Number of protein chains: 2
Amino acid sequence: MRISALSAATNVPVATIKYYLREGLVPAGHLTSSTQAQYDETHVERLRLVRALLGPAGLTIAQARRVLAAIDEPATDTLGRLAQAQHATTKDAEATDTAAAERLVAQAGWQVDPSSPELAQLAAALAAIDHARFEIPEPSLEVYLRTMAEIAEAEIEGIPTDSDEAAIRYSVLGTILVEPLLLALRRLAQQDASIRRFGGGIG
Amino acid sequence: MRISALSAATNVPVATIKYYLREGLVPAGHLTSSTQAQYDETHVERLRLVRALLGPAGLTIAQARRVLAAIDEPATDTLGRLAQAQHATTKDAEATDTAAAERLVAQAGWQVDPSSPELAQLAAALAAIDHARFEIPEPSLEVYLRTMAEIAEAEIEGIPTDSDEAAIRYSVLGTILVEPLLLALRRLAQQDASIRRFGGGIG
């Protein structure tokens, strides 16, 4: 199909598609003349993924490019490609001492890459809690570790195995899009729990 | 103590304290002359809380003012004050249809205020997932609902009961500061689970 048909099929304006092509987010079409290129279903799929990454998932162009690079990599190593795509979406955390974060991960019994940005993210979260003189009660901390392991287990269990591209798409979108869902659910569950604890109507 | 001693006790510059006083985040001291005011331990405590809210917790001045208003309200209704403080820290979500969010909360069996901003936040999260054509597998969704209820239960259980101010401080800081912690833990647990599922070393 020509770029106009690709635009119609995906509801993405031609100018936006051209921008993605220039930014390398969507692979070039097959040139049929010096000014004409043909696109196919793989372009439709890729465009939908790019829109999801840049739209609801809120990635920057640079982050999306790294996620797509992980998908396109000819490696046979699914795990490495998954990790690479995930790292691309992790917020850069300020360099902090990761000792406390490593202790917590050890307490949970998890095997993680010591150089992964997620460890720096955990260290930054712990430093902020410490800085605010907030103390997490030990029973809550144990619940956090146990429930996050349960969540991850269910999520990794649900990863589609038909192709690495499907696995990475699922895993990246799932990680990012489910974050606000979990946070909203936690706040609503807190509301329910405080109504039950402090009783009465709703303030 | 004078403002200079308050500054020394809290490590907050005098100019910053004066700014908080003007913004109404810290109550005025007791005037001993037309240019001198005395401050006490309550000011030290309040300044520490303001620093935590604006710093690690990342609230805006307006949000912090609403949290503090909930703390200062002379009401006897703990639950109402808790809810008010929590709402103040909830990101404003775009107006969306909350029907799907309400169904999910009903599925979880939670009692929540139908007008609470957390419900709009959940609706926005669900809309983004839908928009990206991402489908959460039912087993994962069930785990999300169950684990968030468990987390909330443990957290509300841990709320200090010595004073409403302590309860609100704990609940607001806990909600906000623990969010990045949970997200980082989830990503690390995913890493552990994918290493176990897709085997081999770390990519």
# chains A, B, ... in the order shown; residues from 1 in each chain; ligands from 1

$ interface_residues --of "chain B" --to "chain A" --cutoff "7 Å" --atoms "only C-alpha atoms" --output "CSV table (one decimal) with all heavy atoms, in the first residue's frame"
chain,number,residue,atom,x,y,z
B,52,ALA,N,9.3,17.5,53.6
B,52,ALA,CA,9.1,16.1,53.1
B,52,ALA,C,8.0,16.2,52.0
B,52,ALA,O,8.2,15.5,51.0
B,52,ALA,CB,8.6,15.2,54.2
B,56,PRO,N,11.0,15.1,48.8
B,56,PRO,CA,10.8,13.7,48.3
B,56,PRO,C,9.5,13.4,47.8
B,56,PRO,O,9.3,12.7,46.8
B,56,PRO,CB,11.2,12.9,49.5
B,56,PRO,CG,11.9,13.8,50.4
B,56,PRO,CD,11.5,15.2,50.2
B,79,LEU,N,-11.5,9.9,59.5
B,79,LEU,CA,-11.7,9.3,58.2
B,79,LEU,C,-11.8,10.4,57.1
B,79,LEU,O,-11.1,10.4,56.1
B,79,LEU,CB,-12.9,8.4,58.2
B,79,LEU,CG,-13.2,7.7,56.8
B,79,LEU,CD1,-12.0,6.8,56.4
B,79,LEU,CD2,-14.5,6.9,56.9
B,80,GLY,N,-12.6,11.4,57.4
B,80,GLY,CA,-12.8,12.5,56.5
B,80,GLY,C,-11.5,13.3,56.3
B,80,GLY,O,-11.2,13.6,55.1
B,83,ALA,N,-9.2,11.2,54.1
B,83,ALA,CA,-9.6,11.2,52.7
B,83,ALA,C,-9.2,12.5,52.0
B,83,ALA,O,-8.7,12.5,50.9
B,83,ALA,CB,-11.1,10.9,52.6
B,110,TRP,N,-14.7,-3.4,46.8
B,110,TRP,CA,-14.3,-2.3,47.7
B,110,TRP,C,-15.4,-1.2,47.8
B,110,TRP,O,-16.1,-1.0,46.8
B,110,TRP,CB,-13.1,-1.6,47.1
B,110,TRP,CG,-11.9,-2.5,47.0
B,110,TRP,CD1,-11.6,-3.6,47.8
B,110,TRP,CD2,-10.8,-2.4,46.1
B,110,TRP,NE1,-10.4,-4.2,47.4
B,110,TRP,CE2,-9.9,-3.5,46.4
B,110,TRP,CE3,-10.4,-1.5,45.1
B,110,TRP,CZ2,-8.7,-3.7,45.7
B,110,TRP,CZ3,-9.2,-1.7,44.4
B,110,TRP,CH2,-8.4,-2.7,44.7
B,111,GLN,N,-15.5,-0.6,49.0
B,111,GLN,CA,-16.4,0.5,49.2
B,111,GLN,C,-15.6,1.8,49.0
B,111,GLN,O,-14.7,2.0,49.8
B,111,GLN,CB,-17.0,0.4,50.6
B,111,GLN,CG,-18.1,1.3,50.8
B,111,GLN,CD,-18.5,1.4,52.3
B,111,GLN,OE1,-18.0,0.6,53.2
B,111,GLN,NE2,-19.3,2.4,52.7
B,112,VAL,N,-15.9,2.6,48.0
B,112,VAL,CA,-15.2,3.8,47.8
B,112,VAL,C,-16.2,5.0,47.5
B,112,VAL,O,-17.3,4.7,47.1
B,112,VAL,CB,-14.2,3.7,46.6
B,112,VAL,CG1,-13.2,2.6,46.8
B,112,VAL,CG2,-14.9,3.6,45.3
B,113,ASP,N,-15.7,6.2,47.7
B,113,ASP,CA,-16.5,7.4,47.5
B,113,ASP,C,-16.6,7.5,45.9
B,113,ASP,O,-15.6,7.7,45.3
B,113,ASP,CB,-15.7,8.5,48.1
B,113,ASP,CG,-16.4,9.9,47.8
B,113,ASP,OD1,-17.4,9.9,47.1
B,113,ASP,OD2,-16.0,10.9,48.3
B,118,GLU,N,-9.5,9.4,42.9
B,118,GLU,CA,-8.8,8.2,42.6
B,118,GLU,C,-9.5,7.3,41.6
B,118,GLU,O,-8.9,6.5,40.9
B,118,GLU,CB,-8.6,7.4,43.9
B,118,GLU,CG,-7.6,8.0,44.9
B,118,GLU,CD,-8.1,9.1,45.7
B,118,GLU,OE1,-9.4,9.4,45.6
B,118,GLU,OE2,-7.4,9.7,46.5
B,121,GLN,N,-8.7,8.6,38.3
B,121,GLN,CA,-7.3,8.2,38.0
B,121,GLN,C,-7.4,6.7,37.4
B,121,GLN,O,-6.7,6.4,36.5
B,121,GLN,CB,-6.5,8.2,39.3
B,121,GLN,CG,-5.1,8.6,39.1
B,121,GLN,CD,-4.3,8.6,40.4
B,121,GLN,OE1,-4.8,8.1,41.5
B,121,GLN,NE2,-3.1,9.0,40.4
B,122,LEU,N,-8.1,5.9,38.1
B,122,LEU,CA,-8.3,4.5,37.6
B,122,LEU,C,-8.9,4.5,36.2
B,122,LEU,O,-8.4,3.7,35.3
B,122,LEU,CB,-9.1,3.7,38.6
B,122,LEU,CG,-9.4,2.2,38.2
B,122,LEU,CD1,-8.1,1.4,38.1
B,122,LEU,CD2,-10.3,1.6,39.2
B,125,ALA,N,-6.3,5.4,33.7
B,125,ALA,CA,-5.4,4.3,33.5
B,125,ALA,C,-6.0,3.2,32.6
B,125,ALA,O,-5.3,2.7,31.7
B,125,ALA,CB,-4.9,3.7,34.8
B,126,LEU,N,-7.2,2.8,32.8
B,126,LEU,CA,-7.9,1.8,32.0
B,126,LEU,C,-8.1,2.3,30.6
B,126,LEU,O,-7.9,1.5,29.6
B,126,LEU,CB,-9.3,1.5,32.6
B,126,LEU,CG,-9.2,0.7,34.0
B,126,LEU,CD1,-10.6,0.6,34.6
B,126,LEU,CD2,-8.7,-0.7,33.8
B,128,ALA,N,-6.1,4.4,28.9
B,128,ALA,CA,-4.8,4.3,28.3
B,128,ALA,C,-4.5,2.9,27.8
B,128,ALA,O,-4.0,2.7,26.7
B,128,ALA,CB,-3.8,4.9,29.2
B,129,ILE,N,-4.8,1.9,28.7
B,129,ILE,CA,-4.6,0.5,28.4
B,129,ILE,C,-5.4,0.1,27.1
B,129,ILE,O,-4.9,-0.5,26.2
B,129,ILE,CB,-4.9,-0.4,29.6
B,129,ILE,CG1,-3.8,-0.1,30.7
B,129,ILE,CG2,-5.0,-1.8,29.2
B,129,ILE,CD1,-4.2,-0.7,32.0
B,132,ALA,N,-4.2,1.6,23.9
B,132,ALA,CA,-3.0,1.0,23.3
B,132,ALA,C,-3.3,-0.4,22.8
B,132,ALA,O,-2.3,-1.1,22.4
B,132,ALA,CB,-1.9,1.0,24.4
B,137,PRO,N,-4.3,-9.9,30.9
B,137,PRO,CA,-4.9,-11.3,31.1
B,137,PRO,C,-5.7,-11.3,32.4
B,137,PRO,O,-5.2,-10.7,33.4
B,137,PRO,CB,-3.7,-12.2,31.1
B,137,PRO,CG,-2.6,-11.4,30.6
B,137,PRO,CD,-2.9,-10.0,30.8
B,140,SER,N,-3.8,-12.0,35.7
B,140,SER,CA,-3.0,-10.9,36.2
B,140,SER,C,-3.9,-9.9,36.9
B,140,SER,O,-3.6,-9.4,38.0
B,140,SER,CB,-2.3,-10.2,35.1
B,140,SER,OG,-1.3,-11.0,34.5
B,143,VAL,N,-4.8,-10.9,40.3
B,143,VAL,CA,-3.6,-10.7,41.2
B,143,VAL,C,-3.5,-9.3,41.6
B,143,VAL,O,-3.2,-8.9,42.7
B,143,VAL,CB,-2.3,-11.3,40.6
B,143,VAL,CG1,-1.1,-10.9,41.4
B,143,VAL,CG2,-2.4,-12.8,40.4
B,144,TYR,N,-3.7,-8.4,40.6
B,144,TYR,CA,-3.6,-6.9,40.9
B,144,TYR,C,-4.6,-6.5,42.0
B,144,TYR,O,-4.2,-5.9,43.0
B,144,TYR,CB,-3.9,-6.1,39.7
B,144,TYR,CG,-2.9,-6.2,38.6
B,144,TYR,CD1,-3.2,-6.0,37.2
B,144,TYR,CD2,-1.6,-6.7,38.8
B,144,TYR,CE1,-2.3,-6.1,36.2
B,144,TYR,CE2,-0.7,-6.8,37.8
B,144,TYR,CZ,-1.0,-6.5,36.5
B,144,TYR,OH,-0.2,-6.7,35.5
B,147,THR,N,-3.6,-8.3,45.5
B,147,THR,CA,-2.4,-7.8,46.1
B,147,THR,C,-2.6,-6.3,46.6
B,147,THR,O,-2.1,-6.0,47.6
B,147,THR,CB,-1.2,-7.9,45.2
B,147,THR,OG1,-1.5,-7.3,44.0
B,147,THR,CG2,-0.8,-9.4,45.0
B,148,MET,N,-3.3,-5.5,45.8
B,148,MET,CA,-3.4,-4.1,46.2
B,148,MET,C,-4.3,-4.0,47.5
B,148,MET,O,-4.1,-3.2,48.4
B,148,MET,CB,-4.0,-3.2,45.1
B,148,MET,CG,-3.1,-3.0,43.9
B,148,MET,SD,-1.4,-2.4,44.4
B,148,MET,CE,-0.4,-3.7,43.9
B,149,ALA,N,-5.3,-4.9,47.6
B,149,ALA,CA,-6.1,-5.0,48.8
B,149,ALA,C,-5.2,-5.4,50.0
B,149,ALA,O,-5.3,-4.9,51.1
B,149,ALA,CB,-7.2,-6.0,48.6
B,151,ILE,N,-1.9,-5.0,50.3
B,151,ILE,CA,-1.1,-3.9,50.6
B,151,ILE,C,-1.8,-2.8,51.5
B,151,ILE,O,-1.3,-2.4,52.5
B,151,ILE,CB,-0.5,-3.3,49.3
B,151,ILE,CG1,0.6,-4.2,48.8
B,151,ILE,CG2,0.1,-1.9,49.6
B,151,ILE,CD1,1.2,-3.7,47.4
B,152,ALA,N,-3.0,-2.5,51.0
B,152,ALA,CA,-3.7,-1.4,51.7
B,152,ALA,C,-4.1,-1.8,53.1
B,152,ALA,O,-4.0,-1.1,54.1
B,152,ALA,CB,-5.0,-1.1,50.9
B,153,GLU,N,-4.4,-3.1,53.2
B,153,GLU,CA,-4.8,-3.6,54.6
B,153,GLU,C,-3.6,-3.5,55.5
B,153,GLU,O,-3.8,-3.0,56.6
B,153,GLU,CB,-5.2,-5.1,54.4
B,153,GLU,CG,-5.9,-5.7,55.5
B,153,GLU,CD,-7.4,-5.2,55.6
B,153,GLU,OE1,-8.0,-5.0,54.6
B,153,GLU,OE2,-7.7,-4.8,56.7
B,154,ALA,N,-2.4,-3.9,55.1
B,154,ALA,CA,-1.2,-3.8,55.9
B,154,ALA,C,-0.9,-2.3,56.2
B,154,ALA,O,-0.5,-2.0,57.4
B,154,ALA,CB,0.0,-4.5,55.2
B,155,GLU,N,-1.1,-1.5,55.3
B,155,GLU,CA,-0.7,-0.1,55.4
B,155,GLU,C,-1.7,0.6,56.4
B,155,GLU,O,-1.2,1.4,57.3
B,155,GLU,CB,-0.7,0.7,54.1
B,155,GLU,CG,0.4,0.2,53.2
B,155,GLU,CD,0.4,0.8,51.8
B,155,GLU,OE1,-0.7,1.0,51.3
B,155,GLU,OE2,1.5,1.0,51.2
B,156,ILE,N,-3.0,0.4,56.3
B,156,ILE,CA,-3.9,1.0,57.2
B,156,ILE,C,-3.8,0.4,58.6
B,156,ILE,O,-3.9,1.2,59.6
B,156,ILE,CB,-5.4,0.8,56.6
B,156,ILE,CG1,-5.5,1.4,55.2
B,156,ILE,CG2,-6.4,1.4,57.6
B,156,ILE,CD1,-5.3,2.9,55.1
B,158,GLY,N,-1.0,-0.3,59.9
B,158,GLY,CA,0.2,0.3,60.4
B,158,GLY,C,0.0,1.8,60.8
B,158,GLY,O,1.0,2.4,61.3
B,177,LEU,N,5.4,8.3,49.0
B,177,LEU,CA,6.8,7.9,48.9
B,177,LEU,C,6.9,6.4,48.5
B,177,LEU,O,7.9,6.0,48.0
B,177,LEU,CB,7.4,8.1,50.3
B,177,LEU,CG,7.6,9.6,50.6
B,177,LEU,CD1,8.1,9.7,52.1
B,177,LEU,CD2,8.6,10.3,49.7
B,179,GLU,N,5.1,4.8,46.4
B,179,GLU,CA,4.7,4.5,45.0
B,179,GLU,C,6.0,4.2,44.2
B,179,GLU,O,6.0,3.2,43.5
B,179,GLU,CB,4.0,5.7,44.4
B,179,GLU,CG,2.5,5.8,44.9
B,179,GLU,CD,1.7,6.9,44.3
B,179,GLU,OE1,2.2,7.7,43.6
B,179,GLU,OE2,0.4,6.8,44.5
B,180,PRO,N,7.0,5.1,44.1
B,180,PRO,CA,8.2,4.7,43.3
B,180,PRO,C,8.9,3.4,43.8
B,180,PRO,O,9.4,2.7,43.1
B,180,PRO,CB,9.1,5.9,43.5
B,180,PRO,CG,8.5,6.8,44.5
B,180,PRO,CD,7.1,6.4,44.7
B,181,LEU,N,8.8,3.2,45.2
B,181,LEU,CA,9.3,1.9,45.7
B,181,LEU,C,8.7,0.7,45.1
B,181,LEU,O,9.3,-0.2,44.6
B,181,LEU,CB,9.2,2.0,47.2
B,181,LEU,CG,9.7,0.7,48.0
B,181,LEU,CD1,11.2,0.7,48.1
B,181,LEU,CD2,9.0,0.5,49.3
B,182,LEU,N,7.3,0.7,45.1
B,182,LEU,CA,6.6,-0.4,44.6
B,182,LEU,C,6.9,-0.6,43.1
B,182,LEU,O,7.1,-1.8,42.7
B,182,LEU,CB,5.1,-0.2,44.8
B,182,LEU,CG,4.5,-0.3,46.2
B,182,LEU,CD1,3.1,0.0,46.2
B,182,LEU,CD2,4.8,-1.7,46.8
B,183,LEU,N,6.9,0.5,42.3
B,183,LEU,CA,7.2,0.3,40.9
B,183,LEU,C,8.6,-0.2,40.6
B,183,LEU,O,8.7,-1.1,39.8
B,183,LEU,CB,7.0,1.7,40.2
B,183,LEU,CG,5.6,2.3,40.3
B,183,LEU,CD1,5.5,3.5,39.5
B,183,LEU,CD2,4.5,1.3,39.9
B,184,ALA,N,9.6,0.2,41.4
B,184,ALA,CA,10.9,-0.3,41.2
B,184,ALA,C,11.0,-1.8,41.6
B,184,ALA,O,11.6,-2.6,41.0
B,184,ALA,CB,11.9,0.5,42.0
B,185,LEU,N,10.3,-2.1,42.8
B,185,LEU,CA,10.3,-3.5,43.2
B,185,LEU,C,9.6,-4.4,42.1
B,185,LEU,O,10.1,-5.5,41.9
B,185,LEU,CB,9.5,-3.7,44.5
B,185,LEU,CG,10.3,-3.1,45.8
B,185,LEU,CD1,9.3,-3.3,47.0
B,185,LEU,CD2,11.6,-3.9,46.0
B,186,ARG,N,8.5,-3.9,41.5
B,186,ARG,CA,7.8,-4.7,40.5
B,186,ARG,C,8.8,-5.0,39.4
B,186,ARG,O,8.9,-6.2,38.9
B,186,ARG,CB,6.6,-4.0,40.1
B,186,ARG,CG,5.9,-4.7,38.9
B,186,ARG,CD,4.6,-4.0,38.5
B,186,ARG,NE,4.0,-4.5,37.3
B,186,ARG,CZ,3.8,-3.7,36.2
B,186,ARG,NH1,4.1,-2.4,36.3
B,186,ARG,NH2,3.3,-4.2,35.1
B,187,ARG,N,9.5,-4.0,38.9
B,187,ARG,CA,10.4,-4.2,37.8
B,187,ARG,C,11.5,-5.2,38.1
B,187,ARG,O,12.0,-6.0,37.3
B,187,ARG,CB,11.0,-2.9,37.3
B,187,ARG,CG,9.9,-2.1,36.5
B,187,ARG,CD,10.5,-0.7,36.2
B,187,ARG,NE,9.5,0.1,35.4
B,187,ARG,CZ,9.7,0.6,34.2
B,187,ARG,NH1,10.9,0.4,33.7
B,187,ARG,NH2,8.8,1.2,33.6
B,188,LEU,N,12.0,-5.1,39.3
B,188,LEU,CA,13.1,-6.0,39.7
B,188,LEU,C,12.6,-7.4,39.9
B,188,LEU,O,13.2,-8.4,39.5
B,188,LEU,CB,13.8,-5.5,41.0
B,188,LEU,CG,14.6,-4.3,40.9
B,188,LEU,CD1,14.9,-3.6,42.2
B,188,LEU,CD2,16.0,-4.6,40.2
B,189,ALA,N,11.3,-7.6,40.4
B,189,ALA,CA,10.7,-8.9,40.6
B,189,ALA,C,10.5,-9.5,39.2
B,189,ALA,O,10.6,-10.7,39.0
B,189,ALA,CB,9.5,-8.8,41.4
B,190,GLN,N,10.1,-8.6,38.2
B,190,GLN,CA,9.9,-9.1,36.8
B,190,GLN,C,11.2,-9.6,36.3
B,190,GLN,O,11.2,-10.6,35.5
B,190,GLN,CB,9.4,-7.9,35.9
B,190,GLN,CG,8.0,-7.6,36.1
B,190,GLN,CD,7.6,-6.3,35.3
B,190,GLN,OE1,8.4,-5.6,34.9
B,190,GLN,NE2,6.3,-6.2,35.1
B,191,GLN,N,12.3,-8.9,36.6
B,191,GLN,CA,13.6,-9.3,36.1
B,191,GLN,C,13.9,-10.7,36.6
B,191,GLN,O,14.3,-11.6,35.9
B,191,GLN,CB,14.7,-8.4,36.6
B,191,GLN,CG,15.8,-8.1,35.6
B,191,GLN,CD,16.8,-7.1,36.1
B,191,GLN,OE1,17.8,-7.4,36.7
B,191,GLN,NE2,16.4,-5.8,35.9
B,192,ASP,N,13.7,-10.9,37.9
B,192,ASP,CA,13.9,-12.2,38.6
B,192,ASP,C,13.1,-13.3,37.9
B,192,ASP,O,13.5,-14.4,37.6
B,192,ASP,CB,13.6,-12.1,40.1
B,192,ASP,CG,13.7,-13.4,40.8
B,192,ASP,OD1,14.8,-14.0,40.9
B,192,ASP,OD2,12.6,-13.9,41.2
B,193,ALA,N,11.8,-13.0,37.7
B,193,ALA,CA,10.8,-14.0,37.2
B,193,ALA,C,11.2,-14.3,35.7
B,193,ALA,O,11.1,-15.4,35.3
B,193,ALA,CB,9.4,-13.4,37.3
B,194,SER,N,11.7,-13.3,35.0
B,194,SER,CA,12.0,-13.6,33.6
B,194,SER,C,13.3,-14.4,33.5
B,194,SER,O,13.5,-15.3,32.6
B,194,SER,CB,12.1,-12.4,32.6
B,194,SER,OG,12.3,-11.3,33.2
B,195,ILE,N,14.2,-14.2,34.4
B,195,ILE,CA,15.4,-15.0,34.4
B,195,ILE,C,15.1,-16.4,34.7
B,195,ILE,O,15.5,-17.4,34.1
B,195,ILE,CB,16.4,-14.5,35.5
B,195,ILE,CG1,17.0,-13.1,35.1
B,195,ILE,CG2,17.6,-15.5,35.7
B,195,ILE,CD1,17.9,-12.4,36.1
B,198,PHE,N,13.0,-17.5,31.4
B,198,PHE,CA,13.7,-17.6,30.1
B,198,PHE,C,15.1,-18.1,30.3
B,198,PHE,O,15.9,-18.2,29.3
B,198,PHE,CB,13.6,-16.3,29.3
B,198,PHE,CG,12.2,-15.9,29.0
B,198,PHE,CD1,11.5,-14.9,29.7
B,198,PHE,CD2,11.5,-16.6,28.0
B,198,PHE,CE1,10.2,-14.6,29.4
B,198,PHE,CE2,10.2,-16.2,27.7
B,198,PHE,CZ,9.5,-15.2,28.4
B,202,ILE,N,22.1,-13.3,32.6
B,202,ILE,CA,21.4,-12.0,32.5
B,202,ILE,C,21.9,-11.2,31.3
B,202,ILE,O,23.1,-11.0,31.1
B,202,ILE,CB,21.6,-11.2,33.8
B,202,ILE,CG1,21.1,-12.0,35.0
B,202,ILE,CG2,21.0,-9.9,33.8
B,202,ILE,CD1,21.5,-11.4,36.3
B,203,GLY,N,20.9,-10.8,30.5
B,203,GLY,CA,21.3,-10.1,29.2
B,203,GLY,C,21.7,-8.7,29.4
B,203,GLY,O,21.4,-8.1,30.4

$ select_by_dssp --residues "range 3-70 of chain A" --states "strand (DSSP E)" --output "PyMOL selection string"
chain A and resi 30-33+36-38

$ select_by_dssp --residues "range 30-189 of chain B" --states "alpha helix (DSSP H)" --output "number ranges by chain"
B: 41-54, 61-72, 78-88, 99-108, 117-131, 138-157, 164-189

$ closest_residue --among "B:Arg65, B:Arg103, B:Lys18, B:Arg2" --to "Gln38 in chain B" --atoms "only C-alpha atoms"
B:Arg2

$ atom_distance --atom1 "CA of Val67 in chain A" --atom2 "CA of Thr89 in chain A"
7.6 Å

$ decode --residues "range 141-148 of chain A" --atoms "all heavy atoms" --output "compact mmCIF listing (two decimals), in the first residue's frame"
# COMPACT_ATOMS: atom_id res chain seq x y z
N LEU A 141 6.59 -3.76 54.63
CA LEU A 141 7.69 -4.04 53.71
C LEU A 141 7.64 -5.50 53.22
O LEU A 141 7.83 -5.78 52.04
CB LEU A 141 9.03 -3.76 54.40
CG LEU A 141 10.24 -3.76 53.48
CD1 LEU A 141 10.11 -2.71 52.41
CD2 LEU A 141 11.52 -3.53 54.28
N GLU A 142 7.35 -6.40 54.17
CA GLU A 142 7.26 -7.81 53.78
C GLU A 142 6.13 -8.03 52.78
O GLU A 142 6.26 -8.81 51.84
CB GLU A 142 7.06 -8.69 55.02
CG GLU A 142 8.38 -8.97 55.71
CD GLU A 142 8.19 -9.53 57.12
OE1 GLU A 142 7.13 -10.13 57.39
OE2 GLU A 142 9.12 -9.35 57.94
N VAL A 143 5.02 -7.34 52.99
CA VAL A 143 3.89 -7.46 52.06
C VAL A 143 4.29 -6.90 50.68
O VAL A 143 3.96 -7.48 49.65
CB VAL A 143 2.64 -6.74 52.61
CG1 VAL A 143 1.53 -6.68 51.56
CG2 VAL A 143 2.12 -7.44 53.86
N TYR A 144 5.03 -5.79 50.66
CA TYR A 144 5.46 -5.21 49.38
C TYR A 144 6.29 -6.23 48.58
O TYR A 144 6.06 -6.44 47.39
CB TYR A 144 6.30 -3.94 49.59
CG TYR A 144 5.57 -2.80 50.24
CD1 TYR A 144 6.26 -1.82 50.96
CD2 TYR A 144 4.19 -2.67 50.14
CE1 TYR A 144 5.60 -0.76 51.56
CE2 TYR A 144 3.52 -1.62 50.75
CZ TYR A 144 4.23 -0.67 51.45
OH TYR A 144 3.58 0.38 52.06
N LEU A 145 7.27 -6.82 49.25
CA LEU A 145 8.15 -7.75 48.56
C LEU A 145 7.38 -8.97 48.05
O LEU A 145 7.52 -9.38 46.90
CB LEU A 145 9.29 -8.21 49.49
CG LEU A 145 10.26 -7.12 49.95
CD1 LEU A 145 11.30 -7.71 50.91
CD2 LEU A 145 10.97 -6.47 48.76
N ARG A 146 6.53 -9.51 48.92
CA ARG A 146 5.80 -10.72 48.56
C ARG A 146 4.81 -10.45 47.42
O ARG A 146 4.72 -11.21 46.46
CB ARG A 146 5.08 -11.28 49.78
CG ARG A 146 4.30 -12.56 49.51
CD ARG A 146 3.83 -13.23 50.79
NE ARG A 146 3.16 -12.33 51.71
CZ ARG A 146 1.93 -11.83 51.51
NH1 ARG A 146 1.26 -12.16 50.42
NH2 ARG A 146 1.38 -11.01 52.38
N THR A 147 4.07 -9.33 47.51
CA THR A 147 3.05 -9.07 46.48
C THR A 147 3.68 -8.69 45.14
O THR A 147 3.17 -9.08 44.10
CB THR A 147 2.08 -7.95 46.92
OG1 THR A 147 2.82 -6.79 47.29
CG2 THR A 147 1.22 -8.40 48.09
N MET A 148 4.80 -7.96 45.15
CA MET A 148 5.42 -7.60 43.88
C MET A 148 5.97 -8.86 43.20
O MET A 148 5.93 -8.98 41.97
CB MET A 148 6.52 -6.55 44.06
CG MET A 148 6.01 -5.18 44.45
SD MET A 148 4.68 -4.52 43.36
CE MET A 148 3.33 -4.41 44.53
